[in-house]
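Source file structure-v6.txt; content: compact mmCIF, C-alpha atoms and all ligand atoms.
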# COMPACT_ATOMS: atom_id res chain seq x y z
CA MET A 15 11.04 9.24 20.67
CA GLU A 16 7.95 8.86 18.49
CA SER A 17 4.68 7.43 19.77
CA ARG A 18 3.50 4.11 18.37
CA VAL A 19 1.53 4.22 15.14
CA GLY A 20 -1.14 1.58 14.88
CA ILE A 21 -4.82 0.98 14.49
CA GLU A 22 -5.43 2.83 17.76
CA SER A 23 -4.49 6.05 15.95
CA VAL A 24 -7.09 5.65 13.17
CA SER A 25 -9.91 8.16 13.58
CA LEU A 26 -13.14 7.89 11.61
CA THR A 27 -15.14 10.23 13.85
CA ASN A 28 -18.46 11.29 12.32
CA LYS A 29 -17.91 9.14 9.22
CA LYS A 30 -20.97 7.19 8.14
CA ILE A 31 -19.98 3.75 6.91
CA ILE A 32 -22.28 1.06 5.56
CA LEU A 33 -20.61 -2.28 6.20
CA GLY A 34 -21.90 -4.87 3.74
CA VAL A 35 -21.30 -8.50 4.68
CA THR A 36 -21.66 -11.28 2.10
CA GLY A 37 -21.64 -15.06 2.43
CA GLY A 38 -18.22 -16.49 3.15
CA ILE A 39 -16.36 -17.88 6.14
CA ALA A 40 -14.48 -14.57 6.39
CA ALA A 41 -17.80 -13.07 7.58
CA TYR A 42 -16.61 -13.87 11.10
CA LYS A 43 -13.73 -11.44 10.55
CA ALA A 44 -16.24 -8.76 9.52
CA ALA A 45 -17.47 -8.80 13.13
CA GLU A 46 -14.00 -7.73 14.29
CA LEU A 47 -13.90 -5.14 11.50
CA CYS A 48 -17.26 -3.77 12.68
CA ARG A 49 -15.87 -3.47 16.22
CA LEU A 50 -12.76 -1.64 14.98
CA LEU A 51 -14.84 0.77 12.86
CA VAL A 52 -17.05 1.63 15.84
CA LYS A 53 -13.96 2.01 18.07
CA ALA A 54 -12.47 4.41 15.50
CA GLY A 55 -15.55 6.60 15.91
CA ALA A 56 -17.47 5.65 12.75
CA ASP A 57 -21.25 5.52 12.60
CA VAL A 58 -21.70 1.98 11.26
CA GLN A 59 -24.81 0.53 9.60
CA VAL A 60 -24.47 -3.16 8.76
CA ALA A 61 -26.27 -4.74 5.79
CA MET A 62 -26.04 -8.53 5.34
CA THR A 63 -26.92 -10.76 2.42
CA MET A 64 -28.98 -13.92 3.00
CA ALA A 65 -25.86 -16.06 2.57
CA ALA A 66 -23.89 -14.00 5.12
CA GLN A 67 -26.53 -14.80 7.76
CA GLN A 68 -25.71 -18.50 7.37
CA PHE A 69 -22.23 -17.76 8.75
CA VAL A 70 -22.84 -15.08 11.41
CA THR A 71 -26.13 -13.92 12.89
CA PRO A 72 -27.38 -10.33 12.46
CA LEU A 73 -27.57 -10.18 16.26
CA THR A 74 -23.76 -10.26 16.45
CA PHE A 75 -23.48 -7.21 14.22
CA GLN A 76 -26.38 -5.48 15.96
CA ALA A 77 -24.57 -5.85 19.28
CA LEU A 78 -21.31 -4.54 17.80
CA SER A 79 -22.74 -1.64 15.81
CA GLY A 80 -25.50 -0.70 18.23
CA LYS A 81 -28.05 -0.69 15.39
CA PRO A 82 -30.48 -3.20 13.90
CA VAL A 83 -28.92 -4.89 10.88
CA LEU A 84 -30.52 -4.54 7.45
CA THR A 85 -31.03 -7.90 5.80
CA SER A 86 -33.71 -7.50 3.14
CA MET A 87 -35.54 -4.99 0.97
CA ARG A 88 -38.35 -5.23 3.55
CA ASP A 89 -36.03 -3.57 6.14
CA ALA A 90 -35.61 -0.68 3.75
CA ALA A 91 -39.37 -0.32 3.41
CA SER A 92 -39.84 1.34 6.81
CA GLY A 93 -40.24 5.13 7.03
CA ASP A 94 -40.72 6.56 3.56
CA GLY A 95 -39.88 3.17 2.04
CA MET A 96 -36.90 4.66 0.24
CA ALA A 97 -34.11 3.57 2.58
CA HIS A 98 -32.48 1.61 -0.25
CA ILE A 99 -31.97 4.95 -2.01
CA HIS A 100 -31.03 7.40 0.73
CA LEU A 101 -29.10 5.03 3.04
CA SER A 102 -26.07 4.84 0.79
CA ARG A 103 -26.57 8.47 -0.35
CA ASP A 104 -26.03 9.69 3.22
CA ALA A 105 -22.98 7.49 3.73
CA ASP A 106 -19.33 8.45 3.35
CA LEU A 107 -18.33 4.94 2.36
CA LEU A 108 -19.93 1.64 1.46
CA LEU A 109 -17.50 -1.10 2.44
CA VAL A 110 -18.27 -4.71 1.53
CA ALA A 111 -16.14 -7.13 3.56
CA PRO A 112 -15.98 -9.96 2.82
CA ALA A 113 -17.02 -9.68 -0.82
CA SER A 114 -17.66 -13.18 -2.19
CA ALA A 115 -17.03 -14.24 -5.80
CA ASP A 116 -20.79 -14.29 -6.38
CA PHE A 117 -21.20 -10.80 -4.95
CA MET A 118 -18.40 -9.48 -7.18
CA ALA A 119 -20.12 -11.06 -10.20
CA ARG A 120 -23.46 -9.47 -9.30
CA LEU A 121 -21.80 -6.11 -8.70
CA ALA A 122 -19.94 -6.27 -12.03
CA GLN A 123 -23.27 -6.88 -13.79
CA GLY A 124 -24.96 -3.99 -12.00
CA ARG A 125 -27.65 -6.23 -10.54
CA ALA A 126 -30.02 -5.07 -7.80
CA ASP A 127 -31.50 -8.39 -6.72
CA ASP A 128 -31.10 -7.93 -2.97
CA LEU A 129 -30.70 -5.05 -0.51
CA LEU A 130 -26.89 -4.90 -0.58
CA THR A 131 -26.56 -4.85 -4.38
CA THR A 132 -29.36 -2.26 -4.50
CA LEU A 133 -27.51 -0.07 -1.98
CA CYS A 134 -24.37 -0.38 -4.14
CA LEU A 135 -26.24 0.60 -7.29
CA ALA A 136 -28.09 3.54 -5.71
CA ARG A 137 -25.05 4.96 -3.92
CA THR A 138 -23.30 8.24 -4.58
CA CYS A 139 -20.54 7.53 -2.04
CA ARG A 140 -17.31 5.62 -2.59
CA LEU A 141 -17.53 1.81 -2.71
CA ALA A 142 -14.72 -0.44 -1.47
CA ILE A 143 -14.71 -4.23 -1.42
CA ALA A 144 -12.46 -6.69 0.40
CA PRO A 145 -12.70 -9.93 -1.62
CA ALA A 146 -12.46 -13.29 0.13
CA MET A 147 -12.72 -16.67 -1.56
CA ASN A 148 -10.92 -19.90 -2.38
CA ARG A 149 -7.74 -19.31 -4.39
CA GLU A 150 -9.05 -21.12 -7.49
CA MET A 151 -12.24 -19.06 -7.38
CA TRP A 152 -10.13 -15.89 -7.16
CA ALA A 153 -7.89 -16.97 -10.04
CA ALA A 154 -10.85 -18.05 -12.22
CA THR A 155 -11.09 -16.19 -15.52
CA ALA A 156 -14.62 -15.06 -14.72
CA THR A 157 -13.63 -13.56 -11.34
CA GLN A 158 -10.64 -11.79 -12.88
CA ARG A 159 -12.91 -10.47 -15.65
CA ASN A 160 -15.31 -9.15 -13.01
CA LEU A 161 -12.41 -7.61 -11.10
CA THR A 162 -11.26 -5.74 -14.22
CA GLN A 163 -14.81 -4.44 -14.66
CA LEU A 164 -15.03 -3.35 -11.01
CA HIS A 165 -11.70 -1.51 -11.28
CA ALA A 166 -12.98 0.18 -14.45
CA ASP A 167 -16.16 1.15 -12.55
CA GLY A 168 -13.98 3.03 -10.04
CA LEU A 169 -14.28 0.71 -7.04
CA SER A 170 -11.50 0.37 -4.49
CA VAL A 171 -10.43 -3.23 -4.09
CA LEU A 172 -8.69 -4.05 -0.80
CA GLY A 173 -6.73 -7.30 -1.09
CA PRO A 174 -7.13 -10.21 -1.12
CA ALA A 175 -4.10 -11.45 0.81
CA ALA A 176 -2.18 -14.66 0.27
CA GLY A 177 -1.92 -17.39 2.88
CA GLU A 178 -3.68 -20.34 4.44
CA GLN A 179 -7.37 -20.54 3.63
CA ALA A 180 -10.30 -21.92 5.60
CA CYS A 181 -10.61 -24.74 3.02
CA GLY A 182 -7.05 -25.85 3.88
CA GLU A 183 -5.54 -24.65 0.62
CA VAL A 184 -2.82 -22.00 0.49
CA GLY A 185 -2.88 -19.10 -1.96
CA LEU A 186 -4.32 -15.73 -2.88
CA GLY A 187 -7.90 -15.19 -1.73
CA ARG A 188 -7.89 -14.57 2.04
CA MET A 189 -9.68 -11.44 3.19
CA LEU A 190 -7.26 -8.75 4.40
CA GLU A 191 -7.02 -8.65 8.19
CA PRO A 192 -9.58 -6.24 9.72
CA ALA A 193 -6.79 -3.95 11.00
CA ASP A 194 -5.32 -3.69 7.49
CA ILE A 195 -8.73 -2.79 6.05
CA LEU A 196 -9.21 -0.19 8.78
CA ASN A 197 -5.80 1.35 8.07
CA ALA A 198 -6.71 1.83 4.39
CA LEU A 199 -9.87 3.83 5.18
CA PRO A 200 -8.64 7.28 6.37
CA GLY A 201 -6.74 7.78 3.10
CA MET A 202 -9.79 6.68 1.11
CA LEU A 203 -11.96 9.15 3.02
CA GLY A 204 -9.55 12.07 2.52
CA LEU A 205 -8.67 12.11 6.23
CA GLY A 206 -4.99 11.16 6.06
CA ALA A 207 -2.06 13.40 6.91
CA LEU A 208 -1.01 13.39 3.23
CA ALA A 209 -4.50 13.81 1.71
CA GLY A 210 -4.26 15.56 -1.64
CA LYS A 211 -0.45 15.19 -1.87
CA ARG A 212 1.36 13.54 -4.76
CA VAL A 213 4.08 11.24 -3.46
CA LEU A 214 6.71 9.67 -5.70
CA ILE A 215 8.69 6.75 -4.27
CA THR A 216 11.52 4.56 -5.57
CA ALA A 217 11.99 1.04 -4.21
CA GLY A 218 13.96 -2.15 -4.67
CA SER A 219 17.36 -2.36 -6.32
CA THR A 220 18.37 -1.51 -9.86
CA PHE A 221 19.69 -4.16 -12.25
CA GLU A 222 22.54 -3.02 -14.49
CA ALA A 223 22.77 -5.36 -17.46
CA ILE A 224 26.17 -6.76 -18.48
CA ASP A 225 24.78 -8.84 -21.33
CA PRO A 226 21.28 -10.25 -22.10
CA VAL A 227 21.46 -12.73 -19.19
CA ARG A 228 23.76 -11.18 -16.58
CA GLY A 229 23.86 -8.02 -14.55
CA LEU A 230 25.09 -6.12 -11.50
CA THR A 231 22.70 -5.38 -8.68
CA ASN A 232 22.43 -4.48 -5.00
CA LEU A 233 20.95 -6.58 -2.21
CA SER A 234 17.53 -5.07 -1.59
CA SER A 235 14.23 -6.90 -1.15
CA GLY A 236 12.15 -3.78 -1.82
CA LYS A 237 10.17 -4.46 1.39
CA MET A 238 10.94 -1.07 2.97
CA GLY A 239 10.06 0.94 -0.15
CA TYR A 240 6.82 -0.99 -0.63
CA ALA A 241 5.93 -0.46 3.05
CA VAL A 242 6.58 3.30 2.62
CA ALA A 243 4.32 3.31 -0.46
CA GLN A 244 1.57 1.55 1.50
CA ALA A 245 1.93 3.93 4.45
CA ALA A 246 1.79 6.98 2.14
CA ALA A 247 -1.34 5.62 0.42
CA GLU A 248 -2.93 4.95 3.82
CA ALA A 249 -2.19 8.59 4.68
CA GLY A 250 -4.30 9.64 1.71
CA ALA A 251 -1.53 10.47 -0.79
CA GLU A 252 -1.70 9.74 -4.50
CA VAL A 253 1.28 7.39 -4.69
CA CYS A 254 3.44 6.47 -7.67
CA LEU A 255 5.98 3.73 -6.97
CA VAL A 256 8.93 3.38 -9.34
CA SER A 257 10.23 -0.10 -8.61
CA GLY A 258 13.27 -2.14 -9.51
CA PRO A 259 12.75 -5.90 -9.95
CA THR A 260 11.01 -7.50 -6.91
CA CYS A 261 8.44 -10.24 -6.31
CA LEU A 262 6.34 -8.06 -4.01
CA PRO A 263 2.65 -7.32 -4.61
CA THR A 264 1.75 -3.68 -5.35
CA PRO A 265 0.24 -2.05 -2.24
CA VAL A 266 -3.47 -1.17 -2.42
CA GLY A 267 -4.18 2.10 -4.20
CA VAL A 268 -0.59 2.54 -5.42
CA ARG A 269 0.34 3.07 -9.09
CA ARG A 270 3.51 1.16 -9.94
CA ILE A 271 6.03 1.63 -12.74
CA ASP A 272 8.57 -1.20 -13.20
CA VAL A 273 12.14 -0.38 -14.20
CA MET A 274 15.44 -2.25 -14.45
CA GLY A 275 18.53 0.01 -14.57
CA ALA A 276 19.31 3.29 -12.79
CA THR A 277 18.94 5.30 -15.99
CA ASP A 278 15.44 3.79 -16.53
CA MET A 279 14.62 4.70 -12.93
CA GLN A 280 15.91 8.24 -13.44
CA LYS A 281 13.77 8.65 -16.60
CA ALA A 282 10.64 7.31 -14.87
CA VAL A 283 11.16 9.57 -11.83
CA MET A 284 11.74 12.70 -13.93
CA ALA A 285 8.66 11.91 -16.04
CA GLU A 286 6.50 11.64 -12.89
CA LEU A 287 7.52 15.06 -11.53
CA PRO A 288 6.22 17.42 -10.26
CA ALA A 289 5.36 15.82 -6.94
CA ASP A 290 4.90 17.18 -3.43
CA VAL A 291 7.16 14.55 -1.90
CA PHE A 292 9.93 12.33 -3.29
CA ILE A 293 11.02 9.40 -1.13
CA SER A 294 14.05 7.62 -2.51
CA VAL A 295 14.18 4.21 -0.89
CA ALA A 296 15.73 2.33 -3.83
CA ALA A 297 19.21 0.87 -3.56
CA VAL A 298 20.40 2.39 -6.81
CA ALA A 299 23.59 0.84 -8.23
CA ASP A 300 26.38 3.41 -8.17
CA TYR A 301 27.83 2.15 -11.47
CA ARG A 302 26.63 0.55 -14.69
CA VAL A 303 28.55 -1.29 -17.40
CA ALA A 304 29.87 1.21 -19.96
CA SER A 305 28.65 -0.79 -22.93
CA ARG A 306 26.28 -3.70 -22.54
CA ALA A 307 27.15 -6.75 -24.73
CA LYS A 308 24.42 -7.52 -27.27
CA GLN A 309 25.07 -11.27 -27.08
CA LYS A 310 25.87 -13.52 -24.10
CA ILE A 311 29.57 -13.12 -23.19
CA LYS A 312 31.39 -16.45 -23.66
CA LYS A 313 33.72 -17.81 -20.98
CA SER A 314 36.90 -17.80 -23.04
CA THR A 315 39.52 -16.23 -20.75
CA ASP A 316 40.56 -16.58 -17.10
CA SER A 317 39.65 -13.02 -16.31
CA LEU A 318 37.20 -10.50 -17.61
CA THR A 319 37.41 -6.75 -17.22
CA LEU A 320 34.23 -4.70 -17.25
CA GLN A 321 34.43 -0.97 -17.60
CA LEU A 322 31.94 0.77 -15.30
CA VAL A 323 30.61 4.31 -15.48
CA ALA A 324 28.90 6.21 -12.68
CA ASN A 325 25.11 6.22 -12.58
CA PRO A 326 23.18 9.45 -12.05
CA ASP A 327 22.35 10.21 -8.41
CA ILE A 328 18.59 10.44 -8.87
CA LEU A 329 17.85 11.80 -5.41
CA ALA A 330 20.56 14.48 -5.54
CA GLU A 331 19.32 15.49 -8.99
CA VAL A 332 15.69 15.83 -7.84
CA ALA A 333 16.71 17.68 -4.66
CA ALA A 334 18.74 20.15 -6.77
CA LEU A 335 15.79 21.11 -9.00
CA PRO A 336 14.76 24.81 -8.79
CA ASP A 337 11.45 23.96 -7.07
CA PRO A 338 12.13 20.50 -5.59
CA PRO A 339 9.60 18.26 -3.90
CA PHE A 340 10.12 17.57 -0.19
CA CYS A 341 12.93 15.02 -0.58
CA VAL A 342 13.49 12.06 1.73
CA GLY A 343 16.59 9.88 1.41
CA PHE A 344 17.50 6.50 2.82
CA ALA A 345 20.98 5.46 3.87
CA ALA A 346 22.01 1.90 4.63
CA GLU A 347 25.41 1.96 6.28
CA THR A 348 27.52 -0.80 7.81
CA GLU A 349 29.22 1.45 10.44
CA ARG A 350 29.20 5.03 11.89
CA LEU A 351 25.55 5.42 10.95
CA ALA A 352 24.92 8.89 12.42
CA GLU A 353 28.06 10.41 10.94
CA TYR A 354 27.62 8.99 7.42
CA ALA A 355 23.85 9.51 7.30
CA GLU A 356 24.05 13.14 8.39
CA ALA A 357 26.88 13.79 5.89
CA LYS A 358 24.72 12.30 3.11
CA ARG A 359 21.73 14.39 4.13
CA THR A 360 23.81 17.58 3.99
CA ARG A 361 25.55 16.68 0.71
CA LYS A 362 22.27 15.82 -1.05
CA LYS A 363 20.44 18.78 0.56
CA LEU A 364 17.64 16.71 2.10
CA PRO A 365 15.23 17.92 4.79
CA LEU A 366 14.82 14.31 5.99
CA LEU A 367 16.84 11.11 5.78
CA ALA A 368 16.13 7.66 7.27
CA GLY A 369 19.24 5.71 8.17
CA ASN A 370 19.78 2.16 9.29
CA LEU A 371 22.55 -0.36 9.68
CA ALA A 372 22.44 -2.61 6.60
CA GLN A 373 23.32 -5.76 8.58
CA ASP A 374 20.29 -5.17 10.88
CA THR A 375 17.77 -4.73 8.09
CA LEU A 376 18.66 -6.26 4.71
CA GLY A 377 16.01 -8.73 3.55
CA GLN A 378 14.41 -8.81 7.01
CA ASP A 379 10.81 -8.04 7.88
CA THR A 380 11.80 -5.68 10.71
CA ALA A 381 13.96 -2.58 10.75
CA GLU A 382 15.44 -0.10 13.21
CA LEU A 383 15.45 3.30 11.53
CA VAL A 384 16.89 6.57 12.77
CA LEU A 385 15.36 9.71 11.24
CA PHE A 386 17.71 12.66 10.67
CA ASP A 387 16.33 16.16 10.12
CA ASP A 388 17.26 19.77 10.94
CA ARG A 389 16.21 19.22 14.54
CA GLY A 390 18.50 16.23 15.07
CA GLN A 391 18.16 12.46 15.35
CA HIS A 392 14.95 10.54 16.03
CA PRO A 393 15.53 6.82 16.66
CA LEU A 394 12.50 4.60 16.04
CA PRO A 395 12.08 1.38 18.05
CA ARG A 396 12.68 -1.86 16.10
CA ALA A 397 9.41 -2.92 14.48
CA ASN A 398 8.12 -4.45 11.27
CA LYS A 399 8.82 -2.37 8.18
CA LEU A 400 5.21 -1.22 7.76
CA THR A 401 5.12 0.18 11.30
CA GLN A 402 8.46 1.94 10.67
CA ALA A 403 7.14 3.29 7.36
CA ARG A 404 4.03 4.67 9.12
CA HIS A 405 6.29 6.45 11.65
CA LEU A 406 8.32 7.92 8.81
CA ILE A 407 5.21 9.15 6.96
CA ARG A 408 3.81 10.74 10.11
CA HIS A 409 7.13 12.45 10.77
CA LEU A 410 7.42 13.78 7.22
CA ALA A 411 3.80 14.95 7.25
CA THR A 412 4.57 16.98 10.39
CA LEU A 413 7.61 18.59 8.71
CA LEU A 414 5.69 19.15 5.46
CA ASN A 415 2.68 20.77 7.07
O1 LIG B 1 23.78 5.10 -2.23
P1 LIG B 1 23.59 6.19 -1.22
O2 LIG B 1 23.93 5.76 0.17
O3 LIG B 1 24.20 7.50 -1.63
O4 LIG B 1 22.00 6.44 -1.17
C1 LIG B 1 21.47 7.50 -0.43
C2 LIG B 1 20.15 7.90 -1.04
O5 LIG B 1 20.34 8.32 -2.38
C3 LIG B 1 19.08 6.82 -1.10
O6 LIG B 1 17.87 7.47 -0.79
C4 LIG B 1 19.10 6.37 -2.55
O7 LIG B 1 17.82 5.93 -2.97
C5 LIG B 1 19.51 7.61 -3.29
N1 LIG B 1 20.32 7.35 -4.50
C6 LIG B 1 19.85 7.72 -5.75
N2 LIG B 1 20.61 7.50 -6.87
C7 LIG B 1 21.82 6.94 -6.78
C8 LIG B 1 22.31 6.55 -5.51
C9 LIG B 1 21.55 6.76 -4.40
O8 LIG B 1 18.73 8.23 -5.85
N3 LIG B 1 22.53 6.75 -7.87
Could you quickly redo this structure as structure tokens?
Amino acid sequence: MESRVGIESVSLTNKKIILGVTGGIAAYKAAELCRLLVKAGADVQVAMTMAAQQFVTPLTFQALSGKPVLTSMRDAASGDGMAHIHLSRDADLLLVAPASADFMARLAQGRADDLLTTLCLARTCRLAIAPAMNREMWAATATQRNLTQLHADGLSVLGPAAGEQACGEVGLGRMLEPADILNALPGMLGLGALAGKRVLITAGSTFEAIDPVRGLTNLSSGKMGYAVAQAAAEAGAEVCLVSGPTCLPTPVGVRRIDVMGATDMQKAVMAELPADVFISVAAVADYRVASRAKQKIKKSTDSLTLQLVANPDILAEVAALPDPPFCVGFAAETERLAEYAEAKRTRKKLPLLAGNLAQDTLGQDTAELVLFDDRGQHPLPRANKLTQARHLIRHLATLLN
């Protein structure tokens, strides 16, 4: 049985992190984030804007980080008076959480009108922000314009999440939970088990068009594949996610390619190779309609016969390449899981396959996976799909390394 994967396994030992806190109600969550960073072994220096101090006192962060908090350019004037330059030069990461709409605007303009913006401008380390604001402020054209600029400037943007907001409204704009921010950091700092690896993942179902408005598909929410993509990114991999139609948001740091049919998925996957790892989570339709009607088929007869042709088996094709990536398959069965999953693993020549009973998992937020490899079966305890995905990634990293 595997051990639990969670925030308690995140190690940031000897990493110097500047935690910037800006003015928003989510500043109270930054206190918990500070505690988690310190617990993970990071050396944390907190810098707060004036507005942040209206929400939480510097004393709170001083107690949690064990260091006086920097609040103004005057704080940086001690010693050689150049702390605003070398503080963020010595750091491994400058993390601003929460990042308010105003802070994002100032950052996008390259302003240096307080200590935190100055630290951002003078830094040579990586900069990550976790935005938090009212949903209308997040959706505002100006904020989205600033976000585009910040992406172009090479920043990592963590979140925001959707949900209930402090103002009572519901929507996109909540700061990611501190544990989710913490989980994203090892990968960002090159510490993850898959650091430097290229991981290609398929997710969701495929949609095989019958005519312009109808199609054949499989029941798959895409939740497991997206969780695997997030877990691989957290482990430091460069992740490309080839996704069938879903309504899910793209996980942080993941590059996503949208496809419809199995042949589109096959083309996208082949174009993204070579990769170190290929994880095929998608529920690929086994058949497609032999010839798709150009116009909507009219209901003129009592029965309709569609001729179907077999789709390519993308995973088997990738696994059969002369120098294949480390291939991981998924198998959703409705009975005799171990027997069918192991047979599939052997037939497709896979070092690792994750199996589950379809009726236990489909569309749900939790799953109960069993991992099959050359050493046998490894059942994972039922847990949410992200936790299961993190187990899977840890297991595959062990086999890979
Ligand atoms: O559908 P099946 O049970 O054979 O799926 C097993 C594995 O093969 C899954 O990982 C799935 O993503 C992959 N597969 C594929 N192309 C297909 C069918 C399945 O890549 N046409």
Check which residues of chain A sit at most 10 Å from ligand LIG 1 (chain B) using all atoms listed in the file, and return one row each with the closest pair of atoms and their distance in Å to one decimal, ordered by chain and rising number, as JSON lines.
{"residue": "A:Ile215", "atom": "CA", "partner": "B:LIG1", "partner_atom": "O7", "distance": 9.3}
{"residue": "A:Thr216", "atom": "CA", "partner": "B:LIG1", "partner_atom": "O7", "distance": 7.0}
{"residue": "A:Ala217", "atom": "CA", "partner": "B:LIG1", "partner_atom": "O7", "distance": 7.7}
{"residue": "A:Gly218", "atom": "CA", "partner": "B:LIG1", "partner_atom": "O7", "distance": 9.1}
{"residue": "A:Ser219", "atom": "CA", "partner": "B:LIG1", "partner_atom": "O7", "distance": 9.0}
{"residue": "A:Thr220", "atom": "CA", "partner": "B:LIG1", "partner_atom": "N3", "distance": 9.5}
{"residue": "A:Gly239", "atom": "CA", "partner": "B:LIG1", "partner_atom": "O7", "distance": 9.6}
{"residue": "A:Ala276", "atom": "CA", "partner": "B:LIG1", "partner_atom": "N3", "distance": 6.8}
{"residue": "A:Thr277", "atom": "CA", "partner": "B:LIG1", "partner_atom": "N3", "distance": 9.0}
{"residue": "A:Met279", "atom": "CA", "partner": "B:LIG1", "partner_atom": "O8", "distance": 8.9}
{"residue": "A:Gln280", "atom": "CA", "partner": "B:LIG1", "partner_atom": "O8", "distance": 8.1}
{"residue": "A:Val283", "atom": "CA", "partner": "B:LIG1", "partner_atom": "O8", "distance": 9.7}
{"residue": "A:Phe292", "atom": "CA", "partner": "B:LIG1", "partner_atom": "O6", "distance": 9.6}
{"residue": "A:Ile293", "atom": "CA", "partner": "B:LIG1", "partner_atom": "O6", "distance": 7.1}
{"residue": "A:Ser294", "atom": "CA", "partner": "B:LIG1", "partner_atom": "O7", "distance": 4.2}
{"residue": "A:Val295", "atom": "CA", "partner": "B:LIG1", "partner_atom": "O7", "distance": 4.5}
{"residue": "A:Ala296", "atom": "CA", "partner": "B:LIG1", "partner_atom": "O7", "distance": 4.3}
{"residue": "A:Ala297", "atom": "CA", "partner": "B:LIG1", "partner_atom": "O7", "distance": 5.3}
{"residue": "A:Val298", "atom": "CA", "partner": "B:LIG1", "partner_atom": "C8", "distance": 4.8}
{"residue": "A:Ala299", "atom": "CA", "partner": "B:LIG1", "partner_atom": "N3", "distance": 6.0}
{"residue": "A:Asp300", "atom": "CA", "partner": "B:LIG1", "partner_atom": "N3", "distance": 5.1}
{"residue": "A:Tyr301", "atom": "CA", "partner": "B:LIG1", "partner_atom": "N3", "distance": 7.9}
{"residue": "A:Ala324", "atom": "CA", "partner": "B:LIG1", "partner_atom": "N3", "distance": 8.0}
{"residue": "A:Asn325", "atom": "CA", "partner": "B:LIG1", "partner_atom": "N3", "distance": 5.4}
{"residue": "A:Pro326", "atom": "CA", "partner": "B:LIG1", "partner_atom": "N3", "distance": 5.0}
{"residue": "A:Asp327", "atom": "CA", "partner": "B:LIG1", "partner_atom": "N3", "distance": 3.5}
{"residue": "A:Ile328", "atom": "CA", "partner": "B:LIG1", "partner_atom": "O8", "distance": 3.7}
{"residue": "A:Leu329", "atom": "CA", "partner": "B:LIG1", "partner_atom": "O8", "distance": 3.7}
{"residue": "A:Ala330", "atom": "CA", "partner": "B:LIG1", "partner_atom": "O8", "distance": 6.5}
{"residue": "A:Glu331", "atom": "CA", "partner": "B:LIG1", "partner_atom": "O8", "distance": 7.9}
{"residue": "A:Val332", "atom": "CA", "partner": "B:LIG1", "partner_atom": "O8", "distance": 8.4}
{"residue": "A:Ala333", "atom": "CA", "partner": "B:LIG1", "partner_atom": "O8", "distance": 9.7}
{"residue": "A:Cys341", "atom": "CA", "partner": "B:LIG1", "partner_atom": "O6", "distance": 9.0}
{"residue": "A:Val342", "atom": "CA", "partner": "B:LIG1", "partner_atom": "O6", "distance": 6.8}
{"residue": "A:Gly343", "atom": "CA", "partner": "B:LIG1", "partner_atom": "O6", "distance": 3.5}
{"residue": "A:Phe344", "atom": "CA", "partner": "B:LIG1", "partner_atom": "O6", "distance": 3.8}
{"residue": "A:Ala345", "atom": "CA", "partner": "B:LIG1", "partner_atom": "O2", "distance": 4.7}
{"residue": "A:Ala346", "atom": "CA", "partner": "B:LIG1", "partner_atom": "O2", "distance": 6.2}
{"residue": "A:Glu347", "atom": "CA", "partner": "B:LIG1", "partner_atom": "O2", "distance": 7.3}
{"residue": "A:Tyr354", "atom": "CA", "partner": "B:LIG1", "partner_atom": "O2", "distance": 8.8}
{"residue": "A:Ala355", "atom": "CA", "partner": "B:LIG1", "partner_atom": "O2", "distance": 8.1}
{"residue": "A:Lys358", "atom": "CA", "partner": "B:LIG1", "partner_atom": "O3", "distance": 6.8}
{"residue": "A:Arg359", "atom": "CA", "partner": "B:LIG1", "partner_atom": "C1", "distance": 8.3}
{"residue": "A:Arg361", "atom": "CA", "partner": "B:LIG1", "partner_atom": "O3", "distance": 9.6}
{"residue": "A:Lys362", "atom": "CA", "partner": "B:LIG1", "partner_atom": "O5", "distance": 7.9}
{"residue": "A:Leu364", "atom": "CA", "partner": "B:LIG1", "partner_atom": "C2", "distance": 9.7}
{"residue": "A:Leu367", "atom": "CA", "partner": "B:LIG1", "partner_atom": "O6", "distance": 7.6}
{"residue": "A:Ala368", "atom": "CA", "partner": "B:LIG1", "partner_atom": "O6", "distance": 8.2}
{"residue": "A:Gly369", "atom": "CA", "partner": "B:LIG1", "partner_atom": "C1", "distance": 9.1}
Can you tell me which residues surround stretch 409-413 of chain A at a distance of at most 8 Å, considering all atoms listed in the file, apart from same-chain residues fewer than 2 positions away, and format the answer as a compact mmCIF listing (two decimals) with C-alpha atoms, in the frame of the given file?
# COMPACT_ATOMS: atom_id res chain seq x y z
CA ALA A 207 -2.06 13.40 6.91
CA LEU A 208 -1.01 13.39 3.23
CA LEU A 366 14.82 14.31 5.99
CA HIS A 405 6.29 6.45 11.65
CA LEU A 406 8.32 7.92 8.81
CA ILE A 407 5.21 9.15 6.96
CA ASN A 415 2.68 20.77 7.07
For this session: Mind giving me the straight-line distance from atom CA of A:Arg269 to atom CA of A:Arg103 in Å, one decimal?
Result: 28.8 Å
For this session: Could you check which of A:Ala113, A:Cys254, A:Leu141, A:Leu186 is closest to A:Val213, using only C-alpha atoms?
Result: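 Ranked by minimum distance to A:Val213, first place goes to A:Cys254.
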For this session: Using all atoms listed in the file, determine which residues lie at most 10 Å from stretch 169-178 of chain A, disregarding the query and same-chain residues fewer than 4 positions distant; provide the list as a ChimeraX atom specification.
Result: /A:109-113,140-149,152,161,163-165,182-191,194-195,198-199,202,263,265-267
Exercise. If we count all atoms listed in the file, what is near A:Leu196 at a cut-off of 12 Å, once residues fewer than 4 positions away on the same chain are taken out, given as a PyMOL selection string?
Worked result: chain A and resi 20-26+31+33+44+46-56+109+111+142+144+172+190-192+200-203+248-249
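Residue nearest A:Ser305, chosen from A:Ala223, A:Leu351, A:Ala241, A:Ala246 and counting all atoms listed in the file: A:Ala223.
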